[in-house]
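S.K.: File name protein-v2.pdb; file contents PDB, C-alpha atoms; full text below.
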ATOM      1  CA  MET G   1      50.842 135.745 -10.865
ATOM      2  CA  LYS G   2      51.481 138.277  -8.220
ATOM      3  CA  VAL G   3      51.886 141.784  -9.526
ATOM      4  CA  LEU G   4      54.918 143.296  -7.905
ATOM      5  CA  LEU G   5      54.286 146.701  -6.484
ATOM      6  CA  ARG G   6      57.023 149.183  -6.042
ATOM      7  CA  VAL G   7      56.996 151.367  -3.020
ATOM      8  CA  LEU G   8      58.724 154.681  -3.429
ATOM      9  CA  ILE G   9      59.742 157.012  -0.696
ATOM     10  CA  PRO G  10      57.640 160.141  -0.786
ATOM     11  CA  ILE G  11      60.644 162.324  -0.420
ATOM     12  CA  PHE G  12      62.368 161.518  -3.722
ATOM     13  CA  CYS G  13      62.747 165.185  -4.447
ATOM     14  CA  LEU G  14      63.393 166.060  -0.860
ATOM     15  CA  SER G  15      66.818 166.312   0.617
ATOM     16  CA  LEU G  16      68.533 164.647   3.478
ATOM     17  CA  VAL G  17      70.807 166.531   5.777
ATOM     18  CA  PHE G  18      73.403 164.887   7.929
ATOM     19  CA  ALA G  19      72.555 166.164  11.376
ATOM     20  CA  GLY G  20      74.791 165.963  14.380
ATOM     21  CA  PHE G  21      72.084 165.094  16.886
ATOM     22  CA  ALA G  22      70.516 161.918  18.191
ATOM     23  CA  ASN G  23      67.181 161.551  16.391
ATOM     24  CA  ALA G  24      66.141 161.784  12.740
ATOM     25  CA  THR G  25      63.182 163.989  12.078
ATOM     26  CA  ILE G  26      61.652 165.898   9.184
ATOM     27  CA  GLN G  27      61.834 169.695   9.204
ATOM     28  CA  ASP G  28      60.695 171.808   6.238
ATOM     29  CA  ASP G  29      60.507 168.709   3.996
ATOM     30  CA  VAL G  30      64.095 167.714   4.834
ATOM     31  CA  LEU G  31      64.914 164.484   6.647
ATOM     32  CA  LEU G  32      67.577 165.185   9.255
ATOM     33  CA  VAL G  33      69.848 162.157   9.628
ATOM     34  CA  PRO G  34      71.355 161.706  13.084
ATOM     35  CA  LYS G  35      75.027 161.070  13.716
ATOM     36  CA  THR G  36      75.493 158.109  16.031
ATOM     37  CA  ALA G  37      78.175 157.614  18.669
ATOM     38  CA  GLU G  38      77.560 153.853  18.665
ATOM     39  CA  ALA G  39      77.749 151.679  15.558
ATOM     40  CA  PRO G  40      75.045 149.015  15.185
ATOM     41  CA  GLU G  41      75.945 145.397  14.556
ATOM     42  CA  VAL G  42      74.885 144.588  10.986
ATOM     43  CA  ASP G  43      72.922 141.396  11.574
ATOM     44  CA  GLY G  44      69.379 142.217  10.430
ATOM     45  CA  GLU G  45      68.146 142.644  14.002
ATOM     46  CA  MET G  46      67.242 146.041  15.377
ATOM     47  CA  GLU G  47      69.331 146.678  18.441
ATOM     48  CA  GLU G  48      69.067 149.469  20.975
ATOM     49  CA  VAL G  49      71.132 151.994  19.014
ATOM     50  CA  TRP G  50      68.286 152.156  16.446
ATOM     51  CA  PHE G  51      65.524 152.724  19.029
ATOM     52  CA  GLY G  52      66.023 156.499  19.230
ATOM     53  CA  VAL G  53      66.061 156.965  15.451
ATOM     54  CA  THR G  54      62.750 158.010  13.910
ATOM     55  CA  SER G  55      61.165 155.594  11.422
ATOM     56  CA  THR G  56      60.086 156.969   8.069
ATOM     57  CA  LEU G  57      56.953 155.370   6.624
ATOM     58  CA  MET G  58      57.048 154.769   2.879
ATOM     59  CA  GLN G  59      53.637 155.613   1.401
ATOM     60  CA  VAL G  60      54.080 156.209  -2.328
ATOM     61  CA  PHE G  61      53.122 153.295  -4.581
ATOM     62  CA  THR G  62      53.508 152.423  -8.242
ATOM     63  CA  ASP G  63      50.649 154.030 -10.135
ATOM     64  CA  ASP G  64      49.548 155.491  -6.762
ATOM     65  CA  VAL G  65      47.754 152.202  -5.988
ATOM     66  CA  PRO G  66      48.379 150.957  -2.453
ATOM     67  CA  PRO G  67      48.236 147.230  -1.690
ATOM     68  CA  ASP G  68      44.842 145.731  -0.852
ATOM     69  CA  ASP G  69      46.119 144.473   2.489
ATOM     70  CA  TRP G  70      48.287 146.383   4.986
ATOM     71  CA  ILE G  71      50.544 143.335   5.360
ATOM     72  CA  ASP G  72      51.582 143.587   1.698
ATOM     73  CA  LEU G  73      54.450 146.074   1.493
ATOM     74  CA  PHE G  74      53.951 148.141   4.632
ATOM     75  CA  THR G  75      57.451 149.573   4.825
ATOM     76  CA  THR G  76      59.510 151.753   7.155
ATOM     77  CA  TYR G  77      63.172 152.648   7.347
ATOM     78  CA  LYS G  78      65.682 154.410   9.596
ATOM     79  CA  VAL G  79      69.011 156.014   8.683
ATOM     80  CA  MET G  80      72.004 157.332  10.612
ATOM     81  CA  TRP G  81      75.726 157.882  10.114
ATOM     82  CA  ASP G  82      79.080 158.135  11.818
ATOM     83  CA  ASP G  83      82.573 159.067  10.643
ATOM     84  CA  GLU G  84      83.068 155.654   9.005
ATOM     85  CA  TYR G  85      79.659 154.497   7.699
ATOM     86  CA  PHE G  86      76.165 155.384   6.515
ATOM     87  CA  TYR G  87      73.644 153.038   8.199
ATOM     88  CA  PHE G  88      70.224 151.922   6.981
ATOM     89  CA  PHE G  89      67.607 149.710   8.648
ATOM     90  CA  GLY G  90      64.443 148.799   6.735
ATOM     91  CA  SER G  91      61.423 146.750   7.791
ATOM     92  CA  VAL G  92      59.073 145.311   5.192
ATOM     93  CA  MET G  93      55.764 143.607   5.857
ATOM     94  CA  ASP G  94      55.146 141.423   2.833
ATOM     95  CA  ASP G  95      52.894 138.382   2.720
ATOM     96  CA  GLU G  96      54.759 136.832  -0.222
ATOM     97  CA  LEU G  97      58.557 136.880  -0.411
ATOM     98  CA  SER G  98      59.735 136.601  -4.012
ATOM     99  CA  THR G  99      63.262 135.816  -5.210
ATOM    100  CA  THR G 100      62.608 133.772  -8.350
ATOM    101  CA  SER G 101      62.532 136.390 -11.110
ATOM    102  CA  ALA G 102      65.452 136.605 -13.512
ATOM    103  CA  ASN G 103      65.155 140.407 -13.204
ATOM    104  CA  SER G 104      66.598 141.475  -9.859
ATOM    105  CA  TRP G 105      64.265 144.490  -9.605
ATOM    106  CA  GLU G 106      61.258 142.158  -9.753
ATOM    107  CA  ASN G 107      62.396 140.283  -6.646
ATOM    108  CA  ASP G 108      61.908 141.529  -3.118
ATOM    109  CA  SER G 109      64.725 143.985  -2.694
ATOM    110  CA  TRP G 110      65.800 147.405  -1.464
ATOM    111  CA  GLU G 111      67.171 150.076  -3.757
ATOM    112  CA  ILE G 112      68.915 153.181  -2.493
ATOM    113  CA  TYR G 113      69.707 156.225  -4.594
ATOM    114  CA  PHE G 114      71.972 159.113  -3.656
ATOM    115  CA  ASP G 115      72.259 162.451  -5.417
ATOM    116  CA  GLY G 116      75.468 163.493  -3.682
ATOM    117  CA  GLU G 117      75.116 167.230  -4.181
ATOM    118  CA  ASN G 118      71.306 167.372  -4.466
ATOM    119  CA  LEU G 119      71.442 168.542  -8.099
ATOM    120  CA  LYS G 120      68.152 166.828  -9.036
ATOM    121  CA  ASN G 121      69.217 165.733 -12.505
ATOM    122  CA  GLU G 122      65.640 165.304 -13.765
ATOM    123  CA  GLY G 123      65.332 161.665 -12.684
ATOM    124  CA  SER G 124      68.575 160.463 -14.246
ATOM    125  CA  TYR G 125      71.679 159.546 -12.338
ATOM    126  CA  ILE G 126      74.338 161.084 -14.533
ATOM    127  CA  ALA G 127      76.666 162.993 -12.237
ATOM    128  CA  ASP G 128      79.734 161.393 -10.676
ATOM    129  CA  ASN G 129      78.116 161.823  -7.284
ATOM    130  CA  ASP G 130      74.866 160.038  -8.231
ATOM    131  CA  VAL G 131      74.483 156.330  -7.487
ATOM    132  CA  GLN G 132      71.800 153.657  -7.450
ATOM    133  CA  TRP G 133      72.396 150.457  -5.490
ATOM    134  CA  ARG G 134      70.176 147.359  -5.086
ATOM    135  CA  TRP G 135      70.190 144.511  -2.561
ATOM    136  CA  VAL G 136      67.988 141.502  -3.371
ATOM    137  CA  TYR G 137      66.311 139.629  -0.522
ATOM    138  CA  ASP G 138      68.391 136.777   0.843
ATOM    139  CA  ASP G 139      71.199 137.426  -1.648
ATOM    140  CA  ALA G 140      74.691 137.642  -0.190
ATOM    141  CA  THR G 141      76.026 139.780  -3.028
ATOM    142  CA  ALA G 142      75.708 143.514  -3.485
ATOM    143  CA  GLY G 143      77.220 146.123  -5.731
ATOM    144  CA  VAL G 144      78.874 148.352  -3.148
ATOM    145  CA  GLU G 145      82.488 147.609  -2.330
ATOM    146  CA  GLY G 146      83.053 147.300   1.406
ATOM    147  CA  ALA G 147      79.366 147.485   2.314
ATOM    148  CA  GLU G 148      77.906 144.971   4.736
ATOM    149  CA  HIS G 149      74.278 143.935   4.837
ATOM    150  CA  ALA G 150      72.049 141.386   6.529
ATOM    151  CA  TRP G 151      68.513 140.074   6.022
ATOM    152  CA  MET G 152      66.265 138.758   8.781
ATOM    153  CA  THR G 153      63.037 136.950   7.947
ATOM    154  CA  THR G 154      60.248 137.985  10.322
ATOM    155  CA  ASP G 155      56.730 136.702  10.974
ATOM    156  CA  TYR G 156      55.411 139.410   8.655
ATOM    157  CA  GLY G 157      58.125 139.801   6.008
ATOM    158  CA  PHE G 158      61.745 140.813   6.449
ATOM    159  CA  ASP G 159      64.178 143.313   7.935
ATOM    160  CA  PHE G 160      67.224 144.598   6.109
ATOM    161  CA  GLU G 161      70.256 146.236   7.719
ATOM    162  CA  LEU G 162      73.084 147.886   5.846
ATOM    163  CA  ARG G 163      76.241 149.879   6.368
ATOM    164  CA  ILE G 164      78.074 151.587   3.555
ATOM    165  CA  PRO G 165      81.643 152.809   4.114
ATOM    166  CA  VAL G 166      82.229 156.526   3.627
ATOM    167  CA  SER G 167      84.824 155.659   0.973
ATOM    168  CA  ALA G 168      82.020 154.267  -1.232
ATOM    169  CA  MET G 169      79.608 157.166  -0.724
ATOM    170  CA  PRO G 170      79.122 159.652  -3.574
ATOM    171  CA  MET G 171      79.568 162.579  -1.190
ATOM    172  CA  THR G 172      81.286 163.525   2.030
ATOM    173  CA  LEU G 173      79.509 162.563   5.236
ATOM    174  CA  GLU G 174      79.523 165.644   7.418
ATOM    175  CA  ALA G 175      77.065 167.642   9.473
ATOM    176  CA  ASP G 176      74.829 169.980   7.443
ATOM    177  CA  HIS G 177      75.651 168.395   4.071
ATOM    178  CA  VAL G 178      72.487 168.375   1.947
ATOM    179  CA  PHE G 179      72.046 165.551  -0.568
ATOM    180  CA  GLY G 180      69.242 163.979  -2.556
ATOM    181  CA  TRP G 181      67.898 160.615  -1.455
ATOM    182  CA  GLU G 182      65.461 157.911  -2.442
ATOM    183  CA  ALA G 183      64.772 154.494  -1.017
ATOM    184  CA  GLN G 184      62.602 151.967  -2.800
ATOM    185  CA  VAL G 185      61.255 148.515  -2.069
ATOM    186  CA  ASN G 186      60.601 146.189  -4.967
TER     187      ASN G 186
END
Kindly transcribe the structure held in the file into structure tokens.
M.R.:
Amino acid sequence: MKVLLRVLIPIFCLSLVFAGFANATIQDDVLLVPKTAEAPEVDGEMEEVWFGVTSTLMQVFTDDVPPDDWIDLFTTYKVMWDDEYFYFFGSVMDDELSTTSANSWENDSWEIYFDGENLKNEGSYIADNDVQWRWVYDDATAGVEGAEHAWMTTDYGFDFELRIPVSAMPMTLEADHVFGWEAQVN
């Protein structure tokens, strides 16, 4: 049986800042999230609006043990925002797509966590502005009202595209707002 590895974003304790410029980058351990003038179509395909957004490579693994093969859970993501939505595009290289477990977190999926005011509540999401959301591969349902997402199977795994309406976010989307962030692939 395949042991499912979890890939965690190395910047769990780092903060994201909504930035009002065109390209995400990391400065002083803070990921600057660009504001976009053009909304992407949420279809699982990376269109031109994503090309100028920096990819973040996810390199933290469960028990600090990376996969034996680069094609098993090599993962990147991009994020951006506008006045109506927070956007996410993730690419996962995975040689075995799994959706058969009764436990959703044991299936191929993306999880996104927000700490709306960057309070760092010692690993627990207890504040009103803390949320954890999960989208399971090839599942049409999700737990965020008004969010849209799409999956695209690729030759090497899958892509996932998401937009979350500002009304569902645990904080206000505005330039220079600092919040806590984590993305995880199961």
S.K.: How big is the axis-aligned box around the listed atoms of stretch 105-113 of chain G once 6 Å is added on each side, and where is its centre? Give both in Å to one decimal, as lines of an AutoDock Vina configuration file.
M.R.:
center_x = 65.5
center_y = 148.3
center_z = -5.6
size_x = 20.4
size_y = 27.9
size_z = 20.3
S.K.: In Å, rounded to a single decimal, give me how far atom CA of G:Asp159 is from atom CA of G:Ala183.
M.R.: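 Between these atoms lies a distance of 14.3 Å.
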S.K.: When distances are computed from all atoms listed in the file, which of G:Leu119, G:Ile164, G:Leu73, G:Met80 shows the smallest separation from G:Glu38?
M.R.: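 Looking only at the distances to G:Glu38, the closest residue turns out to be G:Met80.
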S.K.: Taking the file as shown, what set of residues would the PyMOL selection byres ((chain G and resi 154) around 12) give back, as a ChimeraX atom specification?
M.R.: /G:44-46,91-97,151-153,155-160
S.K.: So how far away is atom CA of G:Glu41 from atom CA of G:Asn129, in Å?
M.R.: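 Straight-line distance from atom CA of G:Asn129 to atom CA of G:Glu41 works out to 27.4 Å.
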S.K.: What is the atom CA of G:Val144 to atom CA of G:Gln132 distance in Å?
M.R.: 9.8 Å
S.K.: Report as a list in words all protein, DNA and RNA residues lying within 9 Å of G:Gly116, evaluated on only C-alpha atoms, omitting residues in the same chain fewer than 3 positions from it.
M.R.: Leu119, Ala127, Asp128, Asn129, Asp130, Val131, Met169, Pro170, Met171, Thr172, Val178, Phe179, Gly180 and Trp181 of chain G
S.K.: Between G:Lys120, G:Thr75, G:Trp110, G:Val42, which has the minimum distance to G:Ala147 (counting only C-alpha atoms)?
M.R.: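 Of the candidates, the smallest distance to G:Ala147 is held by G:Val42.
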